[in-house]
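Just below is one structure, and these are the notes that go with it.
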Amino acid sequence: MGTLGGAGLAAAASPARTLGMEGERRASQPRSSGLPAGGAGAESPGSGAPVSGSSGSSALLQGEVLDLDEDEDDLEVFSKDASLMDVNSLSPMIPTSPLSMINQIKFEDEPDLKDLFITVDEPESHVTTIETFITYRIITKTSRGEFDSSEFEVRRRYQDFLWLKGKLEEAHPTLIIPPLPEKFIVKGMVERFNDDFIETRRKALHKFLNRIADHPTLTFNEDFKVFLTAQAWELSSHKKQGPGLLSRMGQTVRAVASSMRGVKNRPEEFMDMNNFIETFSQKINLIDKISQRIYKEEREYFEEMKEYGPIHILWSASEEDLVDSLKGVASCIDKCCKATEKRMSGLSETLLPVVHEYVLYSEMLMGVMKRRDQIQAELDSKVEALTYKKADTELLTEEIGKLEDKVECANNALKADWERWKQNMQNDIKSAFTDMAEENISYYEQCLATWESFLTSQTDLHLEETSEEKS
């Protein structure tokens, strides 16, 4: 059970404080302290060194290392399609046209100095007569001129994060928006307001906001700014300014109609992207499944091993000649238990959250491709109508021109963001598996040293006793 390596989802618990609705009344107020000296309170995705296709591929779990019974066939996927992690397998050149609006979308290198720091902390439970929910404190520190203050503190609930994600997708349909954690449950967690669940969600929401802050385009979105700075009543008022129900229903109907028509001539580079996403989704979901299974078996191994220490202590009470030896074994087992627990805790924070985030990313990518196809399908339908003269020719020609610019902007935005996302993904996954390997090496070295020291002492003791008997 303990031979598979370790990874888990045992996030450190941080109990949420139940304050009723008092937190809402003080939920949002600007503060005036300066910026932090460093990058505290923020995370920057993909900070590792760039990796080549071969190294990225080798970072995935190797099927032959894992001893799985019913899932052995699934593991064949790891030995196929080595180009999945190849950073150069999809590197389309971005065309620039002076006649299009593509120049409005620019992905430049991120600045060396961060100017937006976001921290999500202090979850609080709010109980009303209607519902029970959790809010999280969000502290924003910035030096940007468009902000009215250098520091803001607000409280937001999960629904507010969902609203922000929806607004970002609406404003940037073909940019890769960071995923949110699931609404109700994370694997292995049953209780919605369990402390571990709340802490796991807090970390995921913290990463969500910081990924947006680090994005060269999303970071300047107006709704993102409102989310970080507006008081509760201001945010509620801002939400009501969006399109009405009938307008949203019309957009949904048009999107469904476009998806039903499908895309007749999807460009080859987007066909490649779609194939990559399908393969990536299959592999990352399998890695997530295996990691969860490894953690479960490691947990069972740990719980079983904890019982052996006390057993050897009790045993020593009835064996006078073996007291020191049995107590020494119990001590070694205890040290190995502590090392195992530390490894499981560390890996649950290092590996599983990263893998599961990219499971959610794979779902987001499918949504991005669908929205891109909807834009192109709308253009295709107008071109078809013009070909058969099914409507006013002049009006169609004007609409086609606008849609061509829209399609070109959408395509180039996706291509630029795609390369950025893929590099971050490779860095994150490489870092997660490297950290897992280092944690395992440290664990086994520590356990080996513990038992070697014990066995050496026992051998020396036996030699002394043998020498005394001979003399």
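Residue numbering restarts at 1 in every chain; chains get A, B, ... in the order shown in the structure tokens, and ligands count up from 1 in that same order.
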As an MDAnalysis selection string, please: the residues near Ile212 of chain A (cut-off 12 Å, only C-alpha atoms, same-chain neighbours under 3 positions excluded). chainID A and resid 42:45 116:118 161 164:165 168 175:180 205:209 215:221 223:225 227:228
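Here the question is which of A:Ile284, A:Cys336, A:Ala230, A:Leu322 gets nearest to Gly309 of chain A using only C-alpha atoms, and that residue is A:Cys336.
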For atom CA of Ile138 of chain A and atom CA of Leu113 of chain A, the interatomic separation in Å (one decimal): 21.3 Å
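Our summary of the geometry notes that atom CA of Ser331 of chain A is positioned 18.2 Å from atom CA of Asp460 of chain A.
When only C-alpha atoms are used to compute distances to Glu153 of chain A, the closest of the residues A:Val355, A:Ala204, A:Val323, A:Ala232 turns out to be A:Ala232.
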For Ile311 of chain A, please output as a PyMOL selection string all residues within 12 Å (counting only C-alpha atoms; exclusion window: fewer than 3 positions along the same chain). chain A and resi 304-308+314-318+326-327+329-331+333-334
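The residue that comes closest to Arg157 of chain A, out of A:Asn411, A:Asn275, A:Thr340, A:Ser125 and on the basis of only C-alpha atoms, is A:Ser125.
For the pair atom CA of Glu303 of chain A and atom CA of Lys342 of chain A, the separation is 13.6 Å.
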Write out as a PyMOL selection string the set of residues from segment 208-391 of chain A that DSSP, computed on the backbone, places in alpha helix (DSSP H). chain A and resi 208-214+222-229+232-239+245-261+268-306+308-316+323-350+352-387
Could you name the residues that touch Gln458 of chain A at 12 Å or less, counting only C-alpha atoms, but leaving out those on the same chain fewer than 3 positions away, as a CSV table (one decimal) with N, CA, C and O atoms, in the first residue's frame?
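selection_17.csv was written with the following content:
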```
chain,number,residue,atom,x,y,z
A,322,LEU,N,14.1,-8.4,25.6
A,322,LEU,CA,14.0,-7.6,24.4
A,322,LEU,C,13.4,-6.2,24.5
A,322,LEU,O,13.0,-5.6,23.6
A,324,ASP,N,14.8,-3.2,25.2
A,324,ASP,CA,15.4,-2.1,24.5
A,324,ASP,C,15.2,-2.3,23.0
A,324,ASP,O,15.0,-1.3,22.3
A,325,SER,N,15.3,-3.5,22.5
A,325,SER,CA,15.1,-3.7,21.0
A,325,SER,C,13.7,-3.4,20.6
A,325,SER,O,13.5,-2.7,19.6
A,326,LEU,N,12.7,-3.9,21.3
A,326,LEU,CA,11.3,-3.6,21.0
A,326,LEU,C,11.0,-2.1,21.1
A,326,LEU,O,10.3,-1.6,20.2
A,327,LYS,N,11.5,-1.5,22.1
A,327,LYS,CA,11.3,0.0,22.2
A,327,LYS,C,12.0,0.7,21.1
A,327,LYS,O,11.5,1.8,20.6
A,328,GLY,N,13.1,0.2,20.7
A,328,GLY,CA,13.8,0.8,19.5
A,328,GLY,C,13.1,0.7,18.2
A,328,GLY,O,13.0,1.7,17.4
A,329,VAL,N,12.4,-0.5,18.0
A,329,VAL,CA,11.6,-0.7,16.8
A,329,VAL,C,10.4,0.3,16.9
A,329,VAL,O,10.1,0.9,15.9
A,451,TRP,N,16.3,3.5,10.2
A,451,TRP,CA,16.4,2.0,10.4
A,451,TRP,C,17.9,1.6,10.4
A,451,TRP,O,18.3,0.7,11.2
A,452,GLU,N,18.7,2.2,9.6
A,452,GLU,CA,20.2,1.9,9.6
A,452,GLU,C,20.8,2.2,10.9
A,452,GLU,O,21.6,1.4,11.5
A,453,SER,N,20.4,3.3,11.5
A,453,SER,CA,21.0,3.7,12.8
A,453,SER,C,20.6,2.7,13.9
A,453,SER,O,21.4,2.3,14.7
A,454,PHE,N,19.3,2.3,13.8
A,454,PHE,CA,18.8,1.3,14.8
A,454,PHE,C,19.5,0.0,14.7
A,454,PHE,O,20.0,-0.6,15.6
A,455,LEU,N,19.6,-0.5,13.4
A,455,LEU,CA,20.2,-1.8,13.2
A,455,LEU,C,21.7,-1.8,13.5
A,455,LEU,O,22.2,-2.8,14.0
A,461,LEU,N,25.6,-3.8,19.8
A,461,LEU,CA,25.2,-4.3,21.1
A,461,LEU,C,25.4,-5.9,21.2
A,461,LEU,O,25.9,-6.4,22.1
A,462,HIS,N,25.0,-6.5,20.1
A,462,HIS,CA,25.1,-8.0,20.0
A,462,HIS,C,26.6,-8.4,20.0
A,462,HIS,O,27.0,-9.4,20.7
A,463,LEU,N,27.4,-7.7,19.3
A,463,LEU,CA,28.9,-8.0,19.3
A,463,LEU,C,29.5,-7.8,20.7
A,463,LEU,O,30.3,-8.6,21.1
A,464,GLU,N,29.1,-6.8,21.4
A,464,GLU,CA,29.6,-6.6,22.8
A,464,GLU,C,29.2,-7.7,23.7
A,464,GLU,O,30.0,-8.2,24.5
A,465,GLU,N,27.9,-8.1,23.6
A,465,GLU,CA,27.5,-9.2,24.4
A,465,GLU,C,28.2,-10.5,24.1
A,465,GLU,O,28.5,-11.3,24.9
```
